[in-house]
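Enquirer: Just passing along the structure, written as structure tokens.
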Amino acid sequence: MVDYSELAVPGIRQLAPYQPGKPISELKREYGLSEVVKLASNENPLGPSPKAIAAIPAELDDLARYPDGNGFALKKKLSEKYSITPDQITLGNGSNDVLEFAARTFAQTNDEIIFSQHAFAVYPLVTQAIGARAVVVPANNWGHDLDAMLAAITDRTRVIFIANPNNPTGTWLSETEISDFLGKLPERVIVVLDEAYFEYATSPAMGANGYPDGMPLLNKHNNLIVSRTFSKAYGLAGLRVGYGVSSAAITNLLNRVRQPFNVNSLALAAACAALDDQSHIDRSVDLNVTGMGMLRAAFDEMKLGYIPSVGNFICIDLGIDATHAYHELLKKGVIVRPVANYEMPNHLRVTIGTRQENETFLKALAEVLG
Ligand SMILES: *Cc1c(COP(=O)(O)O)cnc(C)c1O
């Protein structure tokens with residue numbers, strides 16, 4: 001009998017797959033519930049722009065055709081919006097795809113990839129999958145410690161992942177912190193600045209004064225890759241589309257590992273149309289600001305600790321192992337995200353929902369915590 005796990009490459013043999021938030025349909029099935037509130041995957045509670053949805057039917061007649069493998073129209077729109085050139089853009093099947101391109105393009109077995117403790121779970125996954133060594137730098141007050149990350153660089157360092165803001169902690173780095181860091185970094189080390197929550201974090205109402213925009217930094221730093229996504233504020237998580245922006249030289253390399261048709265035709269059309277609806281983003285950001293305020297006020301009243309966040313999610317600290325509370329919330333039809341796999345066993349991450357979803361969550365939470 002062949003033990004196929006013995007045949008798998010070492011990185012894959014020990015890989016623990018990404019744990020997604022529990023799907024609504026699964027919870028309904030398991031507990032026989034009809035009403036479920038999912039605040040577990042940082043999705044936009046308003047959904048996508050109506051313009052994005054309206055762009056999809058026109059594509060249906062052409063489903064037999066391969067999508068535009070170069071994503072001409074979407075790259076054109078993105079380049080106009082962000083004053084970059086199409087040859088700086090790498091489209092991804094979600095921005096996770098781009099994170100993986102970066103790791104696969106620049107690192108191999110025994111190379112080192114640096115990221116922070118409590119950082120986004122995909123960084124350790126892509127690192128391990130290619131057999132590279134993860135260098136996990138202890139967090140500073142839940143956030144990235146950039147000085148310690150700089151100090152961790154060795155001759156073998158190939159890539160550094162930085163999430164701004166970070167998921168699940170919601171912590172963020174200022175313009176000055178990021179610029180100083182990039183200025184001190186050896187040019188041979190690639191930095192991936194993951195801005196999945198950019199649209200939420202730049203909201204003036206968040207008070208995130210000095211939250212940096214990674215794009216202009218590309219003019220000064222050829223070793224920078226900025227990644228963004230349509231999954232969060234744009235509300236298109238189900239279609240899987242994101243992108244990386246970098247120097248043309250790096251983009252050329254990233255596109256060599258990209259599968260030729262990694263973004264499907266419906267996603268390309270919807271993403272293009274979504275970029276035309278800034279008012280939907282504004283509405284989504286406003287809803288988030290209001291909801292964040294509402295949750296924080298409730299947590300304060302409940303004397304519940306939390307990590308201040310500039311994303312569309314927030315981590316609460318239950319002071320004890322959060323597994324029990326997570327399961328009790330499930331029984332009440334509320335899905336949040338346990339984050340024990342981020343070395344945060346006492347925290348639960350909750351996505352900001354609609355007013356009604358937030359109220360349902362807060363009521364259930366108060367009952368669970370007694
Ligand atoms: C959600 C998220 C992503 C993006 O995921 P995609 O759906 O693949 O675009 C990337 N980075 C972080 C930190 C995230 O939270």
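So you can find residues: chains in the structure tokens are A, B, ... in the order shown, residues in each start at 1, and ligands are numbered from 1 in order.
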Could you list, as a VMD selection string, all protein and nucleic acid residues with an atom at most 7 Å from ligand 1, counting only C-alpha atoms and all ligand atoms?
Expert: chain A and resid 42 93 to 97 120 163 166 to 167 194 to 196 228 to 232 237 240 to 242
Enquirer: Would you return as a ChimeraX atom specification the members of region 63-251 of chain A that DSSP assigns to strand (DSSP E or B) on this structure's backbone?
Expert: /A:89-92,112-116,133-137,140,143,157-163,190-194,224-229,242-246
Enquirer: Between A:Ser34, A:Gln117, A:Gln278, A:Ser247, which residue has the minimum interatomic distance to Ile162 (chain A), considering only C-alpha atoms?
Expert: A:Gln117
Enquirer: Check the smallest atom-to-atom distance from each of A:Glu177, A:Glu35, A:Asp317, A:Glu112 to His144 (chain A) using only C-alpha atoms, then report the winner.
Expert: A:Glu177
Enquirer: Identify all residues of region 21-257 of chain A in alpha helix (DSSP H) (DSSP on the backbone) and supply them as a short mmCIF file (atom, residue, chain, number, x, y, z; two decimals) with C-alpha atoms, in the first residue's frame.
Expert:
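Now in selection_23.cif:
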data_model
loop_
_atom_site.label_atom_id
_atom_site.label_comp_id
_atom_site.auth_asym_id
_atom_site.auth_seq_id
_atom_site.Cartn_x
_atom_site.Cartn_y
_atom_site.Cartn_z
CA ILE A 24 -24.51 30.18 6.56
CA SER A 25 -25.94 27.10 4.83
CA GLU A 26 -23.80 24.79 7.00
CA LEU A 27 -24.97 26.33 10.27
CA LYS A 28 -28.62 26.19 9.13
CA ARG A 29 -28.16 22.49 8.32
CA GLU A 30 -26.37 21.61 11.55
CA TYR A 31 -28.66 23.42 13.99
CA PRO A 50 -26.00 47.30 -8.16
CA LYS A 51 -23.85 48.38 -11.12
CA ALA A 52 -21.57 45.39 -10.57
CA ILE A 53 -24.53 43.01 -10.52
CA ALA A 54 -26.02 44.63 -13.61
CA PRO A 57 -25.92 39.23 -17.42
CA ALA A 58 -24.24 40.72 -20.51
CA GLU A 59 -21.40 38.24 -20.00
CA LEU A 60 -23.62 35.17 -19.93
CA PHE A 72 -7.37 44.58 -20.49
CA ALA A 73 -10.51 46.50 -19.48
CA LEU A 74 -10.06 46.07 -15.74
CA LYS A 75 -6.37 46.99 -15.85
CA LYS A 76 -7.23 50.08 -17.89
CA LYS A 77 -9.80 51.18 -15.33
CA LEU A 78 -7.46 50.52 -12.41
CA SER A 79 -4.59 52.38 -14.05
CA GLU A 80 -6.76 55.44 -14.66
CA LYS A 81 -8.10 55.41 -11.12
CA TYR A 82 -4.72 55.03 -9.42
CA SER A 95 -5.78 38.92 -3.71
CA ASN A 96 -4.78 35.66 -2.00
CA ASP A 97 -3.69 34.60 -5.44
CA VAL A 98 -1.33 37.58 -5.64
CA LEU A 99 0.12 36.84 -2.18
CA GLU A 100 0.94 33.36 -3.43
CA PHE A 101 2.51 34.66 -6.66
CA ALA A 102 4.83 36.83 -4.61
CA ALA A 103 5.97 33.94 -2.43
CA ARG A 104 6.38 31.52 -5.34
CA THR A 105 8.19 34.01 -7.53
CA PHE A 106 10.81 35.06 -5.00
CA VAL A 122 -2.50 33.10 4.31
CA TYR A 123 1.11 34.27 4.88
CA PRO A 124 2.18 31.17 6.85
CA LEU A 125 0.24 28.97 4.41
CA VAL A 126 1.92 30.19 1.24
CA THR A 127 5.29 30.14 3.00
CA GLN A 128 4.95 26.55 4.09
CA ALA A 129 3.49 25.39 0.78
CA LEU A 146 8.47 47.02 12.07
CA ASP A 147 11.81 47.56 13.83
CA ALA A 148 11.84 43.95 14.96
CA MET A 149 10.88 42.87 11.44
CA LEU A 150 13.83 44.83 10.03
CA ALA A 151 16.11 43.25 12.61
CA GLU A 175 2.43 56.68 6.59
CA THR A 176 5.64 57.59 8.45
CA GLU A 177 6.10 54.11 9.89
CA ILE A 178 5.70 52.46 6.47
CA SER A 179 7.91 55.00 4.67
CA ASP A 180 10.69 54.73 7.25
CA PHE A 181 10.52 50.97 7.09
CA LEU A 182 10.73 50.89 3.28
CA GLY A 183 13.61 53.37 3.38
CA LYS A 184 15.66 51.11 5.64
CA PHE A 198 -7.81 50.04 2.09
CA GLU A 199 -11.24 51.51 1.26
CA TYR A 200 -12.47 51.07 4.83
CA ALA A 201 -9.27 52.28 6.47
CA GLY A 214 0.65 52.21 -0.78
CA MET A 215 0.36 53.22 -4.43
CA PRO A 216 2.43 56.46 -4.37
CA LEU A 217 5.14 54.59 -2.46
CA ALA A 248 6.84 46.70 -14.24
CA ALA A 249 9.84 44.41 -13.69
CA ILE A 250 8.26 42.64 -10.73
CA THR A 251 4.85 42.56 -12.40
CA ASN A 252 6.36 40.80 -15.38
CA LEU A 253 7.69 38.07 -13.06
CA LEU A 254 4.45 37.70 -11.08
CA ASN A 255 2.52 37.24 -14.30
CA ARG A 256 4.69 34.27 -15.23
CA VAL A 257 3.34 32.17 -12.35
#
Enquirer: What separation in Å, quoted to one decimal, exists between CA of Arg283 (chain A) and CA of Gln88 (chain A)?
Expert: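 Between CA of Arg283 (chain A) and CA of Gln88 (chain A) the gap works out to 29.4 Å.
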